[in-house]
Structure formats: structure tokens, C-alpha cells
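Structure data follow from entry-v8.cif (mmCIF, C-alpha atoms):
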```
data_coords
#
loop_
_atom_site.group_PDB
_atom_site.id
_atom_site.type_symbol
_atom_site.label_atom_id
_atom_site.label_comp_id
_atom_site.auth_asym_id
_atom_site.auth_seq_id
_atom_site.Cartn_x
_atom_site.Cartn_y
_atom_site.Cartn_z
ATOM 1 C CA MET A 1 13.790 -20.788 -0.644
ATOM 2 C CA SER A 2 14.226 -21.925 -4.242
ATOM 3 C CA LYS A 3 12.830 -25.423 -3.716
ATOM 4 C CA ASP A 4 9.799 -23.992 -1.871
ATOM 5 C CA THR A 5 8.912 -21.823 -4.846
ATOM 6 C CA GLN A 6 8.862 -24.672 -7.350
ATOM 7 C CA GLY A 7 5.107 -24.948 -6.839
ATOM 8 C CA ARG A 8 5.286 -26.258 -3.289
ATOM 9 C CA SER A 9 4.046 -24.660 -0.132
ATOM 10 C CA ILE A 10 5.998 -22.257 2.060
ATOM 11 C CA ARG A 11 6.067 -22.821 5.807
ATOM 12 C CA ARG A 12 4.590 -19.936 7.816
ATOM 13 C CA VAL A 13 5.100 -19.738 11.590
ATOM 14 C CA ALA A 14 3.308 -17.050 13.620
ATOM 15 C CA THR A 15 3.802 -15.987 17.227
ATOM 16 C CA GLY A 16 1.415 -14.330 19.619
ATOM 17 C CA GLN A 17 0.916 -13.513 23.240
ATOM 18 C CA ALA A 18 -1.097 -15.704 25.570
ATOM 19 C CA PRO A 19 -3.608 -14.122 27.966
ATOM 20 C CA ASP A 20 -0.953 -14.321 30.713
ATOM 21 C CA GLY A 21 1.432 -12.261 28.518
ATOM 22 C CA GLY A 22 3.745 -15.128 27.601
ATOM 23 C CA SER A 23 4.984 -15.593 24.057
ATOM 24 C CA VAL A 24 3.657 -18.595 22.149
ATOM 25 C CA ILE A 25 3.685 -20.146 18.681
ATOM 26 C CA VAL A 26 0.056 -19.856 17.568
ATOM 27 C CA SER A 27 0.337 -21.391 14.120
ATOM 28 C CA ASP A 28 2.778 -23.419 12.071
ATOM 29 C CA GLU A 29 1.351 -24.258 8.676
ATOM 30 C CA GLN A 30 1.939 -24.412 4.960
ATOM 31 C CA VAL A 31 0.940 -21.654 2.533
ATOM 32 C CA ALA A 32 0.161 -23.090 -0.891
ATOM 33 C CA PRO A 33 0.843 -21.161 -4.083
ATOM 34 C CA ILE A 34 -2.017 -19.457 -5.881
ATOM 35 C CA GLU A 35 -1.903 -19.976 -9.642
ATOM 36 C CA SER A 36 -4.021 -18.164 -12.214
ATOM 37 C CA PRO A 37 -5.024 -19.611 -15.585
ATOM 38 C CA LEU A 38 -4.269 -16.170 -17.091
ATOM 39 C CA MET A 39 -0.625 -16.190 -15.942
ATOM 40 C CA PRO A 40 0.892 -19.640 -16.562
ATOM 41 C CA GLY A 41 3.944 -20.293 -14.431
ATOM 42 C CA ALA A 42 3.337 -17.344 -12.092
ATOM 43 C CA ARG A 43 2.833 -18.263 -8.459
ATOM 44 C CA PHE A 44 1.546 -16.032 -5.675
ATOM 45 C CA TYR A 45 2.028 -16.835 -1.980
ATOM 46 C CA SER A 46 -0.107 -14.803 0.410
ATOM 47 C CA VAL A 47 1.813 -15.190 3.664
ATOM 48 C CA TRP A 48 0.191 -12.575 5.916
ATOM 49 C CA GLY A 49 -1.666 -9.295 5.753
ATOM 50 C CA ALA A 50 -4.371 -7.071 7.162
ATOM 51 C CA ASP A 51 -6.440 -4.098 6.068
ATOM 52 C CA SER A 52 -5.269 -2.054 9.074
ATOM 53 C CA MET A 53 -2.259 -2.012 11.361
ATOM 54 C CA PRO A 54 -2.496 -4.416 14.308
ATOM 55 C CA THR A 55 -2.111 -3.440 17.921
ATOM 56 C CA LEU A 56 -0.047 -5.034 20.692
ATOM 57 C CA PRO A 57 -0.371 -7.179 22.639
ATOM 58 C CA ASN A 58 -1.572 -9.454 19.852
ATOM 59 C CA ASP A 59 -2.813 -13.034 20.067
ATOM 60 C CA GLY A 60 -1.255 -13.857 16.674
ATOM 61 C CA ALA A 61 -4.523 -14.846 15.011
ATOM 62 C CA GLU A 62 -4.378 -14.526 11.243
ATOM 63 C CA PRO A 63 -6.001 -11.224 10.253
ATOM 64 C CA ALA A 64 -8.781 -11.151 7.702
ATOM 65 C CA PHE A 65 -8.372 -9.191 4.491
ATOM 66 C CA ARG A 66 -10.366 -9.100 1.292
ATOM 67 C CA THR A 67 -8.136 -8.159 -1.635
ATOM 68 C CA TRP A 68 -4.700 -9.041 -2.964
ATOM 69 C CA PHE A 69 -3.478 -5.451 -2.635
ATOM 70 C CA PRO A 70 -3.829 -3.732 0.740
ATOM 71 C CA THR A 71 -6.217 -0.891 1.395
ATOM 72 C CA ASP A 72 -4.952 2.449 2.718
ATOM 73 C CA GLY A 73 -3.318 1.645 6.082
ATOM 74 C CA GLY A 74 -3.142 -2.100 5.383
ATOM 75 C CA TYR A 75 -0.241 -4.350 4.470
ATOM 76 C CA ARG A 76 0.575 -7.630 2.728
ATOM 77 C CA PHE A 77 3.530 -10.005 3.038
ATOM 78 C CA GLU A 78 3.912 -12.260 0.016
ATOM 79 C CA PHE A 79 6.174 -14.060 -2.387
ATOM 80 C CA ILE A 80 5.654 -13.793 -6.133
ATOM 81 C CA VAL A 81 7.307 -16.068 -8.671
ATOM 82 C CA ILE A 82 7.683 -14.498 -12.116
ATOM 83 C CA PRO A 83 8.109 -17.162 -14.814
ATOM 84 C CA PRO A 84 10.412 -16.692 -17.808
ATOM 85 C CA ASP A 85 9.069 -14.534 -20.645
ATOM 86 C CA GLY A 86 7.015 -16.363 -23.226
ATOM 87 C CA ALA A 87 4.504 -18.101 -20.966
ATOM 88 C CA SER A 88 0.999 -17.398 -22.208
ATOM 89 C CA PRO A 89 -2.470 -18.774 -21.537
ATOM 90 C CA PRO A 90 -3.295 -21.916 -23.507
ATOM 91 C CA PRO A 91 -4.939 -21.359 -26.888
ATOM 92 C CA GLY A 92 -8.710 -21.395 -26.799
ATOM 93 C CA ILE A 93 -8.909 -20.474 -23.104
ATOM 94 C CA ASP A 94 -12.310 -19.237 -22.001
ATOM 95 C CA GLN A 95 -11.299 -15.657 -21.115
ATOM 96 C CA ALA A 96 -14.444 -14.902 -19.095
ATOM 97 C CA ALA A 97 -14.045 -18.048 -16.992
ATOM 98 C CA ALA A 98 -10.304 -17.422 -16.543
ATOM 99 C CA LEU A 99 -10.960 -13.830 -15.423
ATOM 100 C CA ALA A 100 -13.623 -15.005 -12.970
ATOM 101 C CA GLU A 101 -11.285 -17.666 -11.546
ATOM 102 C CA THR A 102 -8.438 -15.141 -11.223
ATOM 103 C CA GLU A 103 -10.756 -12.705 -9.410
ATOM 104 C CA LYS A 104 -11.768 -15.487 -7.012
ATOM 105 C CA LEU A 105 -8.161 -16.553 -6.350
ATOM 106 C CA LEU A 106 -6.524 -13.094 -6.335
ATOM 107 C CA PRO A 107 -9.316 -10.608 -5.563
ATOM 108 C CA GLY A 108 -8.683 -7.160 -7.004
ATOM 109 C CA LEU A 109 -5.537 -8.114 -8.953
ATOM 110 C CA MET A 110 -7.145 -7.673 -12.356
ATOM 111 C CA ASP A 111 -8.694 -4.338 -11.300
ATOM 112 C CA VAL A 112 -5.259 -2.683 -11.382
ATOM 113 C CA MET A 113 -4.151 -4.237 -14.668
ATOM 114 C CA ASP A 114 -4.216 -2.212 -17.890
ATOM 115 C CA PRO A 115 -6.444 -4.219 -20.264
ATOM 116 C CA LYS A 116 -4.875 -2.556 -23.324
ATOM 117 C CA HIS A 117 -1.312 -3.330 -22.216
ATOM 118 C CA PRO A 118 -1.048 -6.823 -20.639
ATOM 119 C CA GLY A 119 1.085 -6.955 -17.505
ATOM 120 C CA TRP A 120 1.145 -3.196 -16.934
ATOM 121 C CA HIS A 121 -0.391 -2.066 -13.673
ATOM 122 C CA THR A 122 -0.549 0.684 -11.064
ATOM 123 C CA THR A 123 -1.304 0.109 -7.386
ATOM 124 C CA ASP A 124 -1.931 2.403 -4.438
ATOM 125 C CA THR A 125 0.926 0.818 -2.525
ATOM 126 C CA ILE A 126 4.515 1.271 -1.486
ATOM 127 C CA ASP A 127 6.129 -2.084 -2.273
ATOM 128 C CA LEU A 128 9.342 -3.210 -0.617
ATOM 129 C CA LEU A 129 10.761 -5.968 -2.827
ATOM 130 C CA TYR A 130 13.739 -8.259 -2.486
ATOM 131 C CA VAL A 131 14.863 -10.601 -5.257
ATOM 132 C CA VAL A 132 15.317 -13.953 -3.510
ATOM 133 C CA SER A 133 16.398 -15.923 -6.581
ATOM 134 C CA GLY A 134 16.676 -15.560 -10.319
ATOM 135 C CA ALA A 135 16.504 -12.309 -12.253
ATOM 136 C CA CYS A 136 13.855 -10.050 -13.755
ATOM 137 C CA VAL A 137 13.436 -6.658 -15.382
ATOM 138 C CA LEU A 138 11.376 -3.780 -14.014
ATOM 139 C CA LYS A 139 9.759 -1.812 -16.851
ATOM 140 C CA LEU A 140 8.454 1.727 -16.350
ATOM 141 C CA ASP A 141 6.078 3.592 -18.664
ATOM 142 C CA SER A 142 8.849 6.143 -19.338
ATOM 143 C CA GLY A 143 10.555 3.389 -21.330
ATOM 144 C CA GLU A 144 13.199 2.911 -18.656
ATOM 145 C CA THR A 145 14.082 -0.681 -17.742
ATOM 146 C CA THR A 146 16.101 -1.873 -14.769
ATOM 147 C CA PRO A 147 17.458 -5.410 -14.475
ATOM 148 C CA LEU A 148 17.248 -6.922 -10.996
ATOM 149 C CA LYS A 149 18.981 -10.066 -9.750
ATOM 150 C CA ALA A 150 19.123 -12.152 -6.576
ATOM 151 C CA GLY A 151 20.179 -9.930 -3.683
ATOM 152 C CA ASP A 152 18.775 -6.707 -5.148
ATOM 153 C CA ALA A 153 16.112 -4.644 -3.373
ATOM 154 C CA LEU A 154 13.552 -2.317 -4.937
ATOM 155 C CA ILE A 155 11.248 0.296 -3.444
ATOM 156 C CA GLN A 156 8.299 0.605 -5.827
ATOM 157 C CA THR A 157 6.296 3.759 -5.021
ATOM 158 C CA GLY A 158 3.015 3.373 -6.857
ATOM 159 C CA ALA A 159 4.510 3.930 -10.329
ATOM 160 C CA ARG A 160 2.923 2.295 -13.372
ATOM 161 C CA HIS A 161 5.103 -0.701 -14.192
ATOM 162 C CA ALA A 162 5.382 -4.204 -15.614
ATOM 163 C CA TRP A 163 7.714 -7.131 -15.080
ATOM 164 C CA GLY A 164 9.759 -9.092 -17.579
ATOM 165 C CA ASN A 165 11.900 -12.152 -17.106
ATOM 166 C CA PRO A 166 14.268 -12.813 -20.012
ATOM 167 C CA SER A 167 16.516 -15.015 -17.821
ATOM 168 C CA GLY A 168 14.968 -18.364 -18.751
ATOM 169 C CA GLN A 169 14.502 -19.258 -15.059
ATOM 170 C CA ASP A 170 11.902 -18.362 -12.438
ATOM 171 C CA CYS A 171 12.461 -15.179 -10.453
ATOM 172 C CA THR A 172 11.230 -15.169 -6.850
ATOM 173 C CA LEU A 173 10.377 -11.872 -5.176
ATOM 174 C CA LEU A 174 9.708 -11.303 -1.485
ATOM 175 C CA VAL A 175 7.218 -8.428 -1.300
ATOM 176 C CA VAL A 176 5.851 -6.309 1.528
ATOM 177 C CA SER A 177 3.115 -4.000 0.233
ATOM 178 C CA LEU A 178 1.910 -1.046 2.289
ATOM 179 C CA GLY A 179 -1.464 0.410 1.322
ATOM 180 C CA VAL A 180 -1.350 4.186 0.881
ATOM 181 C CA LYS A 181 -3.728 6.923 -0.187
ATOM 182 C CA ARG A 182 -3.135 8.310 -3.675
ATOM 183 C CA GLU A 183 -3.709 12.054 -3.826
ATOM 184 C CA ALA A 184 -5.646 13.217 -6.877
#
```
Take the structure from the file and write it as C-alpha cells.
Amino acid sequence: MSKDTQGRSIRRVATGQAPDGGSVIVSDEQVAPIESPLMPGARFYSVWGADSMPTLPNDGAEPAFRTWFPTDGGYRFEFIVIPPDGASPPPGIDQAAALAETEKLLPGLMDVMDPKHPGWHTTDTIDLLYVVSGACVLKLDSGETTPLKAGDALIQTGARHAWGNPSGQDCTLLVVSLGVKREA
């Protein structure tokens, strides 16, 4: 996995069922990383997702979805590469243009970010995370921090949080996000 997350594509293979009920490979393609000018070094791989749960039998066609984070009842399967701490947008960046480009590339991502505290965000999701490579730090608004390393798993339940990476190397996370309803 580590060489795939050095800015290269990840291979995605999907199965489905043919009209006669037989199992088939319906797609075998590359998923390119999405990179935002606001987050240098970060890479986002949108592997699969939908805004509602599928039914079976299923032809394996890629579902349509509109936003980076799933809606209530939806899901996303993705990889996120967190670069080492210290990466920042280039000086003199046109913030309005960078925000517009980020919204186009990662719809809805900036909507959950706290504009007064860069990197902090809250989502209406249950996130099942696995650290594939590297190390990072989960930061909670209580002040608690938890280091995570390759092989660790995290269940993130809609809590306000941010990520840090003091390791000096990229950290790759496998993430499955489940869209849930937040009660008032």
C-alpha cells in the first residue's frame, strides 16, 4: 500500500452479478488521489460510496454520490494520507480560489471545518479507521491526544477532532465512514 499512496493511483476492482445471476468483475480501474491547494501533501482517495445502502442482487455499477462525507444512511470507503506537520499552503495563495477548488474536488469537506481553528472538524458520521502505514495523533477538543501507528484501529463517533502528524513521514488511513443522524 505504501507505494500506492505516494501520489499514485490505487487499483479498485468491483464485482457484480450478471442478469443470469453469475458473479462477474464489472470494473478494474485506477483511483487517482485528490489533492487540495489548501492542504499541501494531503491526499484523498475516494474508492467507493453511496448516499444510501445498496440492495442485492447488485450489478456492481459505481453508485453516485454528491459529497465527500456520506449523508444519513450512506457510506464512503476511502484512503486519506496525512502529511507530516508543518505543511502549509504556499505564501500568497488566493484563498477564495483555493476554497472554490477544494469545494469542487472534495464537495462538503470545508463545510465541516472550523474556520477559527484550522484542521478541527465535526462530521455526522461513524468512522472506522485503520492506520495502514506511518503514525499520526488524534486530537480531541477536551485536550486529550492519542497517538496512532500502523496496525491501530480507531472508531471515531462524530466527536470534534483534528489530526496531527509529528512523525516526519506520511500516515495513510483506510477509512469507512457511515452517515448517521445527529440528534439535537
To test your reading of the syntax: which residues would the PyMOL selection byres ((chain A and resi 145-162) around 9) return for the file shown? Reply as a PyMOL selection string. chain A and resi 118-144+163-164+171-173+180+182
Output C-alpha atoms for every residue in the selection just made, as an mmCIF file, in the coordinates of the input.
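Listing of out.cif after writing:
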```cif
data_model
loop_
_atom_site.group_PDB
_atom_site.id
_atom_site.type_symbol
_atom_site.label_atom_id
_atom_site.label_comp_id
_atom_site.auth_asym_id
_atom_site.auth_seq_id
_atom_site.Cartn_x
_atom_site.Cartn_y
_atom_site.Cartn_z
ATOM 1 C CA PRO A 118 -1.048 -6.823 -20.639
ATOM 2 C CA GLY A 119 1.085 -6.955 -17.505
ATOM 3 C CA TRP A 120 1.145 -3.196 -16.934
ATOM 4 C CA HIS A 121 -0.391 -2.066 -13.673
ATOM 5 C CA THR A 122 -0.549 0.684 -11.064
ATOM 6 C CA THR A 123 -1.304 0.109 -7.386
ATOM 7 C CA ASP A 124 -1.931 2.403 -4.438
ATOM 8 C CA THR A 125 0.926 0.818 -2.525
ATOM 9 C CA ILE A 126 4.515 1.271 -1.486
ATOM 10 C CA ASP A 127 6.129 -2.084 -2.273
ATOM 11 C CA LEU A 128 9.342 -3.210 -0.617
ATOM 12 C CA LEU A 129 10.761 -5.968 -2.827
ATOM 13 C CA TYR A 130 13.739 -8.259 -2.486
ATOM 14 C CA VAL A 131 14.863 -10.601 -5.257
ATOM 15 C CA VAL A 132 15.317 -13.953 -3.510
ATOM 16 C CA SER A 133 16.398 -15.923 -6.581
ATOM 17 C CA GLY A 134 16.676 -15.560 -10.319
ATOM 18 C CA ALA A 135 16.504 -12.309 -12.253
ATOM 19 C CA CYS A 136 13.855 -10.050 -13.755
ATOM 20 C CA VAL A 137 13.436 -6.658 -15.382
ATOM 21 C CA LEU A 138 11.376 -3.780 -14.014
ATOM 22 C CA LYS A 139 9.759 -1.812 -16.851
ATOM 23 C CA LEU A 140 8.454 1.727 -16.350
ATOM 24 C CA ASP A 141 6.078 3.592 -18.664
ATOM 25 C CA SER A 142 8.849 6.143 -19.338
ATOM 26 C CA GLY A 143 10.555 3.389 -21.330
ATOM 27 C CA GLU A 144 13.199 2.911 -18.656
ATOM 28 C CA TRP A 163 7.714 -7.131 -15.080
ATOM 29 C CA GLY A 164 9.759 -9.092 -17.579
ATOM 30 C CA CYS A 171 12.461 -15.179 -10.453
ATOM 31 C CA THR A 172 11.230 -15.169 -6.850
ATOM 32 C CA LEU A 173 10.377 -11.872 -5.176
ATOM 33 C CA VAL A 180 -1.350 4.186 0.881
ATOM 34 C CA ARG A 182 -3.135 8.310 -3.675
#
```
Report, in Å to a single decimal, how far apart atom CA of A:Pro90 and atom CA of A:Ile10 are.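 Between atom CA of A:Ile10 and atom CA of A:Pro90 the gap is 27.2 Å.
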When you look at A:Glu62 with a cut-off of 10 Å (counting only C-alpha atoms), what residues show up, excluding the ones that are within fewer than 4 positions of it in the same chain? I need them as JSON, numbers by chain. {"A": [14, 26, 27, 47, 48, 49, 50]}
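The interatomic distance for the pair atom CA of A:Leu99 and atom CA of A:Leu174 works out to 25.1 Å.
Closest approach to A:Ala42 among A:Pro107, A:Pro70, A:Pro84, A:Gly16: A:Pro84, based on only C-alpha atoms.
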Report as an NGL selection string the full result of the PyMOL selection byres ((chain A and resi 105) around 9) when it is applied to this structure. :A and (34-36 or 68 or 100-104 or 106-107)
Export, as an mmCIF file, in the coordinates of the input, the selected residues with C-alpha atoms.
```
data_model
loop_
_atom_site.group_PDB
_atom_site.id
_atom_site.type_symbol
_atom_site.label_atom_id
_atom_site.label_comp_id
_atom_site.auth_asym_id
_atom_site.auth_seq_id
_atom_site.Cartn_x
_atom_site.Cartn_y
_atom_site.Cartn_z
ATOM 1 C CA ILE A 34 -2.017 -19.457 -5.881
ATOM 2 C CA GLU A 35 -1.903 -19.976 -9.642
ATOM 3 C CA SER A 36 -4.021 -18.164 -12.214
ATOM 4 C CA TRP A 68 -4.700 -9.041 -2.964
ATOM 5 C CA ALA A 100 -13.623 -15.005 -12.970
ATOM 6 C CA GLU A 101 -11.285 -17.666 -11.546
ATOM 7 C CA THR A 102 -8.438 -15.141 -11.223
ATOM 8 C CA GLU A 103 -10.756 -12.705 -9.410
ATOM 9 C CA LYS A 104 -11.768 -15.487 -7.012
ATOM 10 C CA LEU A 106 -6.524 -13.094 -6.335
ATOM 11 C CA PRO A 107 -9.316 -10.608 -5.563
#
```
Padding 3 Å on every side, please: axis-aligned box over the listed atoms of stretch 126-130 of chain A, centre and edge lengths to one decimal in Å, as JSON.
```
{"center_x": 9.1, "center_y": -3.5, "center_z": -1.7, "size_x": 15.2, "size_y": 15.5, "size_z": 8.2}
```
Taking 3 positions as the minimum chain separation for residues in the same chain, which residues sit within 9 Å of A:Gln17 when counting only C-alpha atoms? Answer as a PyMOL selection string. chain A and resi 20-26+56-60
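The space between atom CA of A:Asp85 and atom CA of A:Val176 spans 23.9 Å.
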